[in-house]
Amino acid sequence: MNDPYVKLAQKEGYRARAAYKLKEIDEQDRLIKPGMVIVDLGSTPGSWSQYIRHRLVELGRDPVQKGLGKPDGTIIAIDLLPMEPVADVHFILDDFREERGLQSLRALIPGQDEKKVDLVLSDMAPNLSGVGVADSARMALLAELALDFAKAHLKPDGSLLIKCFHGSGYSQIVQSFKAVFKTVSPRKPKASRDKSAETFLLGRYLKEPKEA
């Protein structure tokens, strides 16, 4: 309760302090722009979706929409766990790794073209066992799943931001990102606790797929 970000989240109505990690990275890298299609993977409890909505309302180009507090863009959130509704956020209770979850998600992408997503976000983390090698392997798998999803759905100038952990397997995740994106940048926001191995990895602008 002495955590300033917990207090700030309570004051500003965010469900978790994690909102401020995304806020810092967004302010540094200007990730969120008006009119975007944004997918929040593993969205529960919803603080990242809340922040995205807040920013898209702020960035609204239409004064009428802005006056009504409507976001200028599309927000799609998906998780295996239930999430309390967030206004104007399309939530899917399903697994994005399964075809059923993917079909539900694709149906919400404007234009029905699956490569129409501007930004994919993932604050997912595995349930930690305390066994370093096993936890690193689980984290690497989540990173790989988010990367595969991004490759299938991002526009050429799209971006992917994921949570990962420094330690065993981190350099391999970075290399996987570099194989897919033109620019890859680590981010450690102030809202991320100093003692935590948590960091974030940002990939931007897809590389052209190499011909076989």
# chains A, B, ... in the order shown; residues from 1 in each chain; ligands from 1
call {"tool": "residues_around", "arguments": {"residues": "Gln175 in chain A", "least_positions_apart": "2", "cutoff": "12 Å", "atoms": "only C-alpha atoms", "output": "count of residues only"}}
result
20
call {"tool": "select_by_dssp", "arguments": {"residues": "range 21-166 of chain A", "states": "strand (DSSP E or B)", "output": "number ranges by chain"}}
result
A: 36-41, 73-79, 89-93, 117-122, 154-165
call {"tool": "write_last_selection", "arguments": {"atoms": "C-alpha atoms", "output": "PDB file, in the first residue's frame"}}
result
ATOM      1  CA  MET A  36      -5.265   2.525 -34.511  1.00  0.00           C
ATOM      2  CA  VAL A  37      -6.391  -1.090 -34.217  1.00  0.00           C
ATOM      3  CA  ILE A  38      -4.807  -2.352 -30.987  1.00  0.00           C
ATOM      4  CA  VAL A  39      -4.837  -5.900 -29.592  1.00  0.00           C
ATOM      5  CA  ASP A  40      -4.207  -6.513 -25.878  1.00  0.00           C
ATOM      6  CA  LEU A  41      -3.143 -10.149 -25.379  1.00  0.00           C
ATOM      7  CA  GLY A  73      -9.639   3.553 -32.725  1.00  0.00           C
ATOM      8  CA  THR A  74     -10.440  -0.103 -32.095  1.00  0.00           C
ATOM      9  CA  ILE A  75      -9.385  -1.963 -28.941  1.00  0.00           C
ATOM     10  CA  ILE A  76      -9.586  -5.758 -28.838  1.00  0.00           C
ATOM     11  CA  ALA A  77      -8.674  -7.591 -25.632  1.00  0.00           C
ATOM     12  CA  ILE A  78      -8.428 -11.346 -25.156  1.00  0.00           C
ATOM     13  CA  ASP A  79      -7.714 -13.514 -22.131  1.00  0.00           C
ATOM     14  CA  VAL A  89     -13.148  -2.404 -25.431  1.00  0.00           C
ATOM     15  CA  HIS A  90     -14.115  -5.606 -27.274  1.00  0.00           C
ATOM     16  CA  PHE A  91     -13.258  -8.399 -24.837  1.00  0.00           C
ATOM     17  CA  ILE A  92     -12.975 -12.045 -25.874  1.00  0.00           C
ATOM     18  CA  LEU A  93     -12.923 -14.724 -23.174  1.00  0.00           C
ATOM     19  CA  VAL A 117      -3.504  -4.488 -36.623  1.00  0.00           C
ATOM     20  CA  ASP A 118      -1.296  -1.504 -35.759  1.00  0.00           C
ATOM     21  CA  LEU A 119      -0.135  -2.488 -32.292  1.00  0.00           C
ATOM     22  CA  VAL A 120      -0.009  -5.753 -30.332  1.00  0.00           C
ATOM     23  CA  LEU A 121       0.584  -5.584 -26.584  1.00  0.00           C
ATOM     24  CA  SER A 122       1.311  -8.411 -24.166  1.00  0.00           C
ATOM     25  CA  LEU A 154       0.440  -6.677 -37.853  1.00  0.00           C
ATOM     26  CA  LYS A 155       0.590  -4.110 -40.635  1.00  0.00           C
ATOM     27  CA  PRO A 156       4.089  -3.703 -42.121  1.00  0.00           C
ATOM     28  CA  ASP A 157       4.687  -0.614 -39.948  1.00  0.00           C
ATOM     29  CA  GLY A 158       3.149  -2.208 -36.859  1.00  0.00           C
ATOM     30  CA  SER A 159       4.663  -2.711 -33.405  1.00  0.00           C
ATOM     31  CA  LEU A 160       4.770  -5.413 -30.735  1.00  0.00           C
ATOM     32  CA  LEU A 161       5.457  -4.760 -27.040  1.00  0.00           C
ATOM     33  CA  ILE A 162       5.859  -7.710 -24.667  1.00  0.00           C
ATOM     34  CA  LYS A 163       6.894  -8.321 -21.102  1.00  0.00           C
ATOM     35  CA  CYS A 164       9.856 -10.621 -20.512  1.00  0.00           C
ATOM     36  CA  PHE A 165      12.483 -11.303 -17.851  1.00  0.00           C
TER      37      PHE A 165
END
call {"tool": "select_by_dssp", "arguments": {"residues": "range 86-131 of chain A", "states": "helix (DSSP H, G or I)", "output": "list in words"}}
result
Glu99, Arg100, Gly101, Leu102, Gln103, Ser104, Leu105, Arg106, Pro110, Gly111 and Gln112 of chain A
call {"tool": "closest_atom_pairs", "arguments": {"of": "range 123-205 of chain A", "to": "range 15-34 of chain A", "cutoff": "7 Å", "atoms": "only C-alpha atoms", "output": "tab-separated table"}}
result
residue	atom	partner	partner_atom	distance
A:Pro189	CA	A:Lys21	CA	5.6
A:Ala191	CA	A:Lys21	CA	5.3
A:Ser192	CA	A:Lys21	CA	6.5
call {"tool": "closest_residue", "arguments": {"among": "A:Ala150, A:Tyr51, A:Leu102, A:Ser168", "to": "Val131 in chain A", "atoms": "only C-alpha atoms"}}
result
A:Ser168
call {"tool": "closest_residue", "arguments": {"among": "A:Leu141, A:Gly35, A:Leu206, A:Gly69", "to": "Pro110 in chain A", "atoms": "only C-alpha atoms"}}
result
A:Gly35
call {"tool": "atom_distance", "arguments": {"atom1": "CA of Met139 in chain A", "atom2": "CA of Asn127 in chain A"}}
result
9.4 Å
